[in-house]
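J.: Dropping in work24.txt, with compact mmCIF, C-alpha atoms.
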# COMPACT_ATOMS: atom_id res chain seq x y z
CA MET Q 1 80.64 -0.19 13.53
CA THR Q 2 83.30 1.70 15.47
CA ARG Q 3 80.98 4.13 17.29
CA PRO Q 4 79.53 3.22 20.72
CA TYR Q 5 76.38 1.56 19.41
CA LEU Q 6 73.67 1.05 21.98
CA GLY Q 7 72.91 -2.38 20.51
CA ASN Q 8 75.77 -3.41 22.78
CA PRO Q 9 74.24 -3.89 26.28
CA LYS Q 10 77.42 -2.52 27.92
CA TYR Q 11 76.90 0.93 26.36
CA THR Q 12 73.19 0.90 27.18
CA VAL Q 13 73.93 0.26 30.87
CA GLU Q 14 76.64 2.98 30.86
CA ILE Q 15 74.25 5.57 29.42
CA LEU Q 16 71.46 4.69 31.85
CA LYS Q 17 73.88 5.00 34.79
CA LYS Q 18 75.38 8.24 33.48
CA TYR Q 19 71.95 9.91 33.43
CA HIS Q 20 70.56 8.10 36.52
CA PHE Q 21 67.66 7.11 34.30
CA VAL Q 22 64.58 5.66 36.00
CA PHE Q 23 62.30 3.51 33.85
CA GLN Q 24 58.74 4.82 33.62
CA LYS Q 25 56.14 2.07 33.73
CA ARG Q 26 53.47 4.44 32.36
CA PHE Q 27 55.50 4.80 29.13
CA GLY Q 28 56.06 1.03 28.80
CA GLN Q 29 59.83 1.48 28.45
CA ASN Q 30 61.85 -1.57 27.39
CA PHE Q 31 65.06 -0.89 25.44
CA LEU Q 32 66.39 -3.29 22.79
CA ILE Q 33 69.90 -4.64 23.38
CA ASP Q 34 70.32 -7.17 20.57
CA PRO Q 35 72.18 -6.01 17.43
CA ARG Q 36 70.81 -8.90 15.34
CA VAL Q 37 67.22 -7.87 16.10
CA LEU Q 38 68.00 -4.23 15.36
CA GLU Q 39 69.58 -5.12 12.01
CA ARG Q 40 66.61 -7.37 11.21
CA ILE Q 41 64.15 -4.53 11.84
CA ILE Q 42 66.07 -2.20 9.50
CA PHE Q 43 66.18 -4.93 6.84
CA GLU Q 44 62.48 -5.82 7.13
CA ALA Q 45 61.51 -2.13 7.04
CA GLY Q 46 63.40 -1.88 3.74
CA VAL Q 47 65.21 1.30 4.80
CA THR Q 48 67.56 2.75 2.16
CA LYS Q 49 69.62 5.92 1.72
CA ASP Q 50 66.70 7.42 -0.23
CA ASP Q 51 64.34 7.23 2.75
CA PHE Q 52 63.09 9.68 5.31
CA VAL Q 53 62.05 7.55 8.31
CA LEU Q 54 59.72 8.53 11.14
CA GLU Q 55 60.56 6.72 14.38
CA ILE Q 56 58.02 6.63 17.19
CA GLY Q 57 59.38 6.14 20.72
CA PRO Q 58 63.17 6.17 20.20
CA GLY Q 59 63.84 5.65 23.93
CA ILE Q 60 67.58 6.23 24.43
CA GLY Q 61 68.24 6.14 20.67
CA THR Q 62 69.21 2.49 20.20
CA MET Q 63 67.28 1.84 16.99
CA THR Q 64 67.65 5.49 15.95
CA GLN Q 65 71.40 4.96 15.53
CA TYR Q 66 70.82 2.02 13.18
CA LEU Q 67 68.14 3.94 11.26
CA ALA Q 68 70.44 6.95 10.90
CA GLU Q 69 73.11 4.72 9.37
CA ALA Q 70 70.67 3.23 6.86
CA ALA Q 71 68.39 6.19 5.96
CA ARG Q 72 68.77 9.59 4.38
CA GLU Q 73 67.13 11.27 7.35
CA VAL Q 74 65.30 10.30 10.57
CA ALA Q 75 62.79 12.17 12.72
CA ALA Q 76 62.38 10.60 16.17
CA VAL Q 77 59.34 11.53 18.29
CA GLU Q 78 59.74 10.81 22.02
CA VAL Q 79 57.02 11.45 24.62
CA ASP Q 80 59.24 11.26 27.76
CA PRO Q 81 61.03 14.62 28.31
CA ALA Q 82 63.58 12.88 30.58
CA LEU Q 83 64.94 11.04 27.53
CA ILE Q 84 65.64 14.12 25.39
CA PRO Q 85 69.08 14.97 26.93
CA ILE Q 86 70.05 11.29 26.61
CA LEU Q 87 69.00 11.25 22.93
CA GLU Q 88 70.97 14.45 22.28
CA ASP Q 89 74.01 12.66 23.71
CA THR Q 90 73.62 9.23 22.07
CA LEU Q 91 72.76 10.72 18.65
CA LYS Q 92 75.25 13.60 18.61
CA GLU Q 93 77.45 11.89 16.00
CA TRP Q 94 74.61 11.69 13.46
CA ASP Q 95 73.68 14.93 11.70
CA ASN Q 96 70.69 13.40 9.87
CA VAL Q 97 68.48 12.96 12.96
CA THR Q 98 65.83 15.38 14.25
CA ILE Q 99 64.63 14.76 17.82
CA ILE Q 100 61.07 15.88 18.59
CA GLN Q 101 59.73 15.84 22.14
CA GLY Q 102 56.00 15.19 22.15
CA ASP Q 103 53.10 12.79 21.96
CA ILE Q 104 52.89 11.19 18.50
CA LEU Q 105 49.08 11.31 18.75
CA LYS Q 106 49.30 15.12 18.99
CA THR Q 107 52.19 15.60 16.53
CA ASP Q 108 51.46 17.14 13.13
CA ILE Q 109 52.90 14.25 11.13
CA TYR Q 110 51.46 15.60 7.89
CA SER Q 111 53.49 18.85 8.12
CA LEU Q 112 56.58 16.87 9.11
CA VAL Q 113 56.26 14.65 6.03
CA GLU Q 114 55.66 17.71 3.82
CA GLU Q 115 58.78 19.41 5.19
CA LYS Q 116 61.15 16.42 5.30
CA ASN Q 117 59.91 14.25 2.42
CA GLN Q 118 58.07 16.67 0.09
CA GLY Q 119 54.81 14.91 0.95
CA LYS Q 120 55.95 11.54 -0.45
CA PRO Q 121 55.01 8.36 1.49
CA VAL Q 122 57.28 7.67 4.46
CA LYS Q 123 58.40 4.56 6.29
CA ILE Q 124 57.52 4.44 9.98
CA VAL Q 125 59.50 2.33 12.45
CA ALA Q 126 58.64 1.95 16.12
CA ASN Q 127 59.02 -0.08 19.30
CA LEU Q 128 55.58 0.42 20.82
CA PRO Q 129 54.28 -0.34 24.32
CA TYR Q 130 51.15 -2.49 24.39
CA TYR Q 131 48.72 0.09 25.81
CA ILE Q 132 49.24 2.62 23.01
CA THR Q 133 49.81 0.34 19.98
CA THR Q 134 46.27 0.38 18.58
CA PRO Q 135 45.58 4.14 19.00
CA ILE Q 136 48.87 5.02 17.27
CA ILE Q 137 48.47 2.63 14.33
CA MET Q 138 44.81 3.51 13.75
CA GLY Q 139 45.53 7.22 14.21
CA ILE Q 140 48.14 7.06 11.43
CA PHE Q 141 45.97 4.93 9.12
CA GLU Q 142 42.84 7.04 9.59
CA SER Q 143 44.67 10.32 8.99
CA ASP Q 144 45.70 11.54 5.56
CA VAL Q 145 49.40 11.04 6.29
CA PRO Q 146 51.17 9.46 3.28
CA VAL Q 147 52.67 6.22 4.61
CA GLU Q 148 54.43 3.47 2.68
CA SER Q 149 54.83 1.01 5.55
CA ILE Q 150 54.84 0.71 9.34
CA THR Q 151 57.35 -1.73 10.84
CA ILE Q 152 56.82 -2.09 14.56
CA MET Q 153 57.87 -4.10 17.57
CA VAL Q 154 54.80 -4.99 19.64
CA GLN Q 155 53.64 -7.58 22.16
CA ARG Q 156 53.51 -10.91 20.29
CA GLU Q 157 49.82 -11.51 20.92
CA VAL Q 158 48.97 -8.07 19.48
CA ALA Q 159 50.95 -8.87 16.32
CA GLN Q 160 49.10 -12.19 16.05
CA ARG Q 161 45.76 -10.38 16.34
CA MET Q 162 46.70 -7.97 13.55
CA GLN Q 163 47.53 -10.84 11.21
CA ALA Q 164 44.70 -13.23 12.24
CA GLY Q 165 42.02 -14.49 9.85
CA PRO Q 166 38.32 -15.40 10.31
CA GLY Q 167 37.44 -18.27 12.64
CA THR Q 168 40.59 -18.01 14.79
CA LYS Q 169 40.69 -17.00 18.46
CA ASP Q 170 42.94 -14.01 17.71
CA TYR Q 171 40.62 -12.62 15.01
CA GLY Q 172 38.75 -9.46 15.96
CA ALA Q 173 38.09 -5.79 15.29
CA LEU Q 174 41.83 -4.98 15.30
CA SER Q 175 42.52 -7.67 12.65
CA LEU Q 176 39.87 -6.23 10.32
CA ALA Q 177 40.90 -2.60 10.86
CA VAL Q 178 44.58 -3.31 10.17
CA GLN Q 179 43.76 -5.50 7.14
CA TYR Q 180 41.47 -2.82 5.69
CA TYR Q 181 44.41 -0.41 5.50
CA SER Q 182 47.42 -2.70 5.06
CA SER Q 183 48.87 -6.14 4.44
CA PRO Q 184 50.30 -7.33 7.81
CA GLU Q 185 53.16 -9.80 8.11
CA ILE Q 186 54.99 -10.94 11.26
CA VAL Q 187 58.65 -10.90 10.23
CA ALA Q 188 60.43 -11.77 13.51
CA ASN Q 189 59.72 -13.08 17.00
CA VAL Q 190 61.76 -11.45 19.77
CA PRO Q 191 62.25 -13.09 23.21
CA PRO Q 192 62.24 -11.06 26.47
CA ASN Q 193 66.03 -11.39 26.96
CA CYS Q 194 66.60 -8.96 24.05
CA PHE Q 195 65.44 -6.03 26.23
CA ILE Q 196 66.43 -4.00 29.28
CA PRO Q 197 64.42 -4.39 31.49
CA ARG Q 198 63.09 -7.81 30.47
CA PRO Q 199 59.36 -7.66 29.70
CA ASN Q 200 57.06 -10.40 31.00
CA VAL Q 201 55.85 -11.29 27.50
CA GLY Q 202 57.35 -12.14 24.12
CA SER Q 203 57.45 -9.54 21.37
CA ALA Q 204 57.20 -9.63 17.60
CA VAL Q 205 58.14 -7.39 14.70
CA ILE Q 206 55.28 -6.90 12.27
CA ARG Q 207 55.38 -5.03 8.96
CA LEU Q 208 52.19 -3.33 7.79
CA GLN Q 209 52.49 -2.59 4.06
CA LYS Q 210 49.96 0.17 3.41
CA PHE Q 211 47.47 -0.32 0.59
CA ARG Q 212 47.13 2.50 -1.94
CA THR Q 213 43.40 1.81 -1.88
CA PRO Q 214 41.55 -0.48 0.57
CA PRO Q 215 40.84 -4.03 -0.70
CA VAL Q 216 37.06 -3.49 -0.31
CA LYS Q 217 34.77 -0.59 -1.20
CA VAL Q 218 32.29 0.52 1.44
CA LYS Q 219 29.73 3.34 1.53
CA ASP Q 220 30.71 4.58 5.00
CA GLU Q 221 33.96 3.51 6.69
CA LYS Q 222 32.97 4.75 10.16
CA PHE Q 223 29.65 2.91 9.97
CA MET Q 224 31.42 -0.32 8.95
CA PHE Q 225 33.94 -0.11 11.79
CA SER Q 226 31.16 0.60 14.32
CA LEU Q 227 29.41 -2.51 12.98
CA ILE Q 228 32.62 -4.55 13.29
CA ARG Q 229 33.21 -3.42 16.90
CA ALA Q 230 29.62 -4.27 17.81
CA SER Q 231 30.01 -7.71 16.22
CA PHE Q 232 32.94 -8.60 18.50
CA ASN Q 233 31.70 -6.98 21.72
CA GLN Q 234 29.76 -10.15 22.51
CA ARG Q 235 31.75 -12.87 20.76
CA ARG Q 236 29.60 -15.76 21.98
CA LYS Q 237 26.38 -14.27 20.59
CA THR Q 238 25.19 -14.51 17.00
CA LEU Q 239 26.02 -11.54 14.80
CA ALA Q 240 22.32 -10.60 14.56
CA ASN Q 241 22.01 -10.44 18.36
CA SER Q 242 25.29 -8.55 18.82
CA ILE Q 243 24.21 -5.82 16.38
CA LYS Q 244 20.65 -5.70 17.81
CA ASN Q 245 22.12 -5.18 21.33
CA ALA Q 246 24.62 -2.49 20.25
CA GLN Q 247 23.74 0.94 21.67
CA GLU Q 248 24.94 2.83 18.60
CA PHE Q 249 22.43 1.07 16.33
CA SER Q 250 18.65 0.74 16.36
CA PHE Q 251 18.26 -2.36 14.18
CA THR Q 252 15.93 -5.18 15.12
CA ARG Q 253 17.22 -8.74 14.90
CA GLU Q 254 14.85 -9.31 11.97
CA GLU Q 255 16.37 -6.38 10.07
CA VAL Q 256 19.90 -7.69 10.61
CA GLU Q 257 18.83 -11.18 9.54
CA GLU Q 258 17.22 -9.75 6.41
CA ALA Q 259 20.49 -7.94 5.54
CA LEU Q 260 22.48 -11.13 6.17
CA LYS Q 261 20.19 -13.09 3.82
CA LYS Q 262 20.65 -10.45 1.10
CA CYS Q 263 24.43 -10.94 1.47
CA GLY Q 264 24.11 -14.73 1.26
CA ILE Q 265 25.35 -15.11 4.86
CA PRO Q 266 23.73 -17.62 7.31
CA VAL Q 267 21.52 -15.77 9.82
CA ASN Q 268 22.87 -17.70 12.84
CA ILE Q 269 26.52 -16.85 12.12
CA ARG Q 270 28.88 -15.22 14.64
CA GLY Q 271 30.90 -12.12 13.82
CA GLU Q 272 34.21 -13.98 14.10
CA ALA Q 273 33.30 -16.06 11.00
CA LEU Q 274 32.93 -13.10 8.60
CA ASN Q 275 35.79 -11.84 6.43
CA LEU Q 276 36.39 -8.19 5.51
CA LYS Q 277 34.45 -8.41 2.22
CA GLN Q 278 31.41 -9.88 4.00
CA PHE Q 279 31.51 -7.14 6.65
CA ALA Q 280 31.71 -4.51 3.88
CA ASP Q 281 28.70 -6.03 2.08
CA LEU Q 282 26.67 -6.27 5.30
CA SER Q 283 27.64 -2.72 6.24
CA ASP Q 284 26.35 -1.37 2.91
CA LYS Q 285 23.05 -3.27 3.22
CA LEU Q 286 22.43 -2.03 6.78
CA TYR Q 287 23.56 1.49 5.86
CA ASP Q 288 20.91 1.62 3.12
CA MET Q 289 18.26 0.23 5.49
CA ARG Q 290 19.11 2.87 8.08
Just dump the structure as structure tokens.

T.:
Amino acid sequence: MTRPYLGNPKYTVEILKKYHFVFQKRFGQNFLIDPRVLERIIFEAGVTKDDFVLEIGPGIGTMTQYLAEAAREVAAVEVDPALIPILEDTLKEWDNVTIIQGDILKTDIYSLVEEKNQGKPVKIVANLPYYITTPIIMGIFESDVPVESITIMVQREVAQRMQAGPGTKDYGALSLAVQYYSSPEIVANVPPNCFIPRPNVGSAVIRLQKFRTPPVKVKDEKFMFSLIRASFNQRRKTLANSIKNAQEFSFTREEVEEALKKCGIPVNIRGEALNLKQFADLSDKLYDMR
């Protein structure tokens, strides 16, 4: 690599000084400065010269440079307008990158994929701040955007929650939602010293391989996810009590217990003990009772 790659901390510092860049806490900005981690992300995302890649939150273009080398084409969506002139500078040597200024939650990803990839499933790569991780991932999964995989850098505890199974402390509504749409796998742990500025927490790279069809069939997805959220709102209570107390439902405890019995699930169980299939079965029983 003969170009001034931003994976080298020296070039990152030079660029930040050149543009008098001020980090915005509200955007959760932490820029990667470790070439080994960058190369690992590209490898784990499985990016090839056949791929159109959508990058969310390119920052100053550090990972974008590596993606541009590996992919056929990259579209990078950045919310902070102050970073656009920097991106135009750091990415000027790559003619296969499109920079889009905007909020990914308000971006028409479907049209972008139609235009750039003829509607075929795309690979998404991102370094996401904690506060926006869940809305972005769920927004993509719940939309009709054709996605092959999402490979993201997130706070380590968030990655652990996405991958967690029943009966563990990290298991919750996020685990079930992610596992309904994809197969999650943590592929790398990344310490704070790999970033400028150093975050206070460790990070992890997790790959979410999207399912063509969800692993369980359910009569009403929205109803099931409302049920799941209600089940974890009061973790210490039994599932029957959590659902009875949920404002969005009008089930009695007896009705929930009846549905649990029909599913072969103990009536005094807590929500954290149920797997996705059991939640789907319970959802269908309660949906019919409603």

J.: Would you compute the distance between atom CA of Q:Leu260 and atom CA of Q:Gln179? Give it in Å to one decimal.

T.: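 Computed distance, atom CA of Q:Leu260 to atom CA of Q:Gln179, equals 22.0 Å.
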
J.: For a test of reading the model, state the distance in Å between atom CA of Q:Gln234 and atom CA of Q:Ile265, rounded to one decimal.

T.: 18.9 Å

J.: Between Q:Tyr180, Q:Phe211, Q:Phe249, Q:Tyr171, which has the minimum distance to Q:Arg235 (counting only C-alpha atoms)?

T.: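 Selected residue with least distance to Q:Arg235: Q:Tyr171.
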
J.: Can you tell me how far atom CA of Q:Ile196 sits from atom CA of Q:Ile109, in Å to one decimal?

T.: 29.1 Å

J.: Around (49.9, -10.2, 13.2) in the file's frame, which residues reach within 9 Å when counting only C-alpha atoms? Return as JSON, numbers by chain?

T.: {"Q": [156, 157, 158, 159, 160, 161, 162, 163, 164, 175, 184, 185, 186, 204, 205, 206, 207]}

J.: If we count only C-alpha atoms, what is near stretch 72-85 of chain Q at a cut-off of 9 Å, once residues fewer than 6 positions away on the same chain are taken out, given as a VMD selection string?

T.: chain Q and resid 19 21 24 27 48 to 61 64 95 to 104 107 112 116

J.: Can you write out the residues you just picked, keeping C-alpha atoms, as a compact mmCIF listing (two decimals), in the frame of the given file?

T.:
# COMPACT_ATOMS: atom_id res chain seq x y z
CA TYR Q 19 71.95 9.91 33.43
CA PHE Q 21 67.66 7.11 34.30
CA GLN Q 24 58.74 4.82 33.62
CA PHE Q 27 55.50 4.80 29.13
CA THR Q 48 67.56 2.75 2.16
CA LYS Q 49 69.62 5.92 1.72
CA ASP Q 50 66.70 7.42 -0.23
CA ASP Q 51 64.34 7.23 2.75
CA PHE Q 52 63.09 9.68 5.31
CA VAL Q 53 62.05 7.55 8.31
CA LEU Q 54 59.72 8.53 11.14
CA GLU Q 55 60.56 6.72 14.38
CA ILE Q 56 58.02 6.63 17.19
CA GLY Q 57 59.38 6.14 20.72
CA PRO Q 58 63.17 6.17 20.20
CA GLY Q 59 63.84 5.65 23.93
CA ILE Q 60 67.58 6.23 24.43
CA GLY Q 61 68.24 6.14 20.67
CA THR Q 64 67.65 5.49 15.95
CA ASP Q 95 73.68 14.93 11.70
CA ASN Q 96 70.69 13.40 9.87
CA VAL Q 97 68.48 12.96 12.96
CA THR Q 98 65.83 15.38 14.25
CA ILE Q 99 64.63 14.76 17.82
CA ILE Q 100 61.07 15.88 18.59
CA GLN Q 101 59.73 15.84 22.14
CA GLY Q 102 56.00 15.19 22.15
CA ASP Q 103 53.10 12.79 21.96
CA ILE Q 104 52.89 11.19 18.50
CA THR Q 107 52.19 15.60 16.53
CA LEU Q 112 56.58 16.87 9.11
CA LYS Q 116 61.15 16.42 5.30

J.: What's the 12 Å shell around Q:Ile150, counting all atoms listed in the file, without same-chain residues fewer than 4 positions away, as a ChimeraX atom specification?

T.: /Q:41-42,44-47,53-56,121-128,133,136-138,140-141,146,154,178,181-186,205-211

J.: Let's have the selection written as a compact mmCIF listing (two decimals), in the coordinates of the input, with C-alpha atoms.

T.:
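The result, written out as result-v6.txt:
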# COMPACT_ATOMS: atom_id res chain seq x y z
CA ILE Q 41 64.15 -4.53 11.84
CA ILE Q 42 66.07 -2.20 9.50
CA GLU Q 44 62.48 -5.82 7.13
CA ALA Q 45 61.51 -2.13 7.04
CA GLY Q 46 63.40 -1.88 3.74
CA VAL Q 47 65.21 1.30 4.80
CA VAL Q 53 62.05 7.55 8.31
CA LEU Q 54 59.72 8.53 11.14
CA GLU Q 55 60.56 6.72 14.38
CA ILE Q 56 58.02 6.63 17.19
CA PRO Q 121 55.01 8.36 1.49
CA VAL Q 122 57.28 7.67 4.46
CA LYS Q 123 58.40 4.56 6.29
CA ILE Q 124 57.52 4.44 9.98
CA VAL Q 125 59.50 2.33 12.45
CA ALA Q 126 58.64 1.95 16.12
CA ASN Q 127 59.02 -0.08 19.30
CA LEU Q 128 55.58 0.42 20.82
CA THR Q 133 49.81 0.34 19.98
CA ILE Q 136 48.87 5.02 17.27
CA ILE Q 137 48.47 2.63 14.33
CA MET Q 138 44.81 3.51 13.75
CA ILE Q 140 48.14 7.06 11.43
CA PHE Q 141 45.97 4.93 9.12
CA PRO Q 146 51.17 9.46 3.28
CA VAL Q 154 54.80 -4.99 19.64
CA VAL Q 178 44.58 -3.31 10.17
CA TYR Q 181 44.41 -0.41 5.50
CA SER Q 182 47.42 -2.70 5.06
CA SER Q 183 48.87 -6.14 4.44
CA PRO Q 184 50.30 -7.33 7.81
CA GLU Q 185 53.16 -9.80 8.11
CA ILE Q 186 54.99 -10.94 11.26
CA VAL Q 205 58.14 -7.39 14.70
CA ILE Q 206 55.28 -6.90 12.27
CA ARG Q 207 55.38 -5.03 8.96
CA LEU Q 208 52.19 -3.33 7.79
CA GLN Q 209 52.49 -2.59 4.06
CA LYS Q 210 49.96 0.17 3.41
CA PHE Q 211 47.47 -0.32 0.59

J.: Excluding Q:Phe279 and its own-chain neighbours fewer than 6 positions away, which residues fall within 9 Å of it when counting only C-alpha atoms? Please give them as a PyMOL selection string.

T.: chain Q and resi 224+227-228+271

J.: Which is closer to Q:Leu274 than all the others in Q:Asn233, Q:Thr168, Q:Ser226, Q:Asn241, using only C-alpha atoms?

T.: Q:Thr168

J.: Of the residues Q:Glu255, Q:Asp34, Q:Glu272, Q:Glu248, which is the one nearest to Q:Ser231, using all atoms listed in the file?

T.: Q:Glu272

J.: Please determine, counting all atoms listed in the file, which residue among Q:Asn268, Q:Asn117, Q:Ser242, Q:Thr134 has the shortest atom-to-atom distance to Q:Val147.

T.: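 Closest to Q:Val147, using all atoms listed in the file: Q:Asn117.
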
J.: Taking into account only C-alpha atoms, which residue in the set Q:Ala280, Q:Val145, Q:Ala273, Q:Ala259 is nearest to Q:Asp170?

T.: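 Between Q:Ala280, Q:Val145, Q:Ala273, Q:Ala259, the residue approaching Q:Asp170 most closely is Q:Ala273.
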
J.: Give the answer as one residue: which of Q:Met63, Q:Leu282, Q:Ala230, Q:Met153 has the shortest atom-to-atom distance to Q:Gly202, using all atoms listed in the file?

T.: Q:Met153

J.: Taking all atoms of stretch 130-146 of chain Q that the file lists and extending 3 Å past them on each side, where is the centre of the axis-aligned box and how long are its edges? Answer in Å to one decimal, as AutoDock Vina command-line options.

T.:
--center_x 47.0 --center_y 4.5 --center_z 14.5 --size_x 14.3 --size_y 20.0 --size_z 28.5
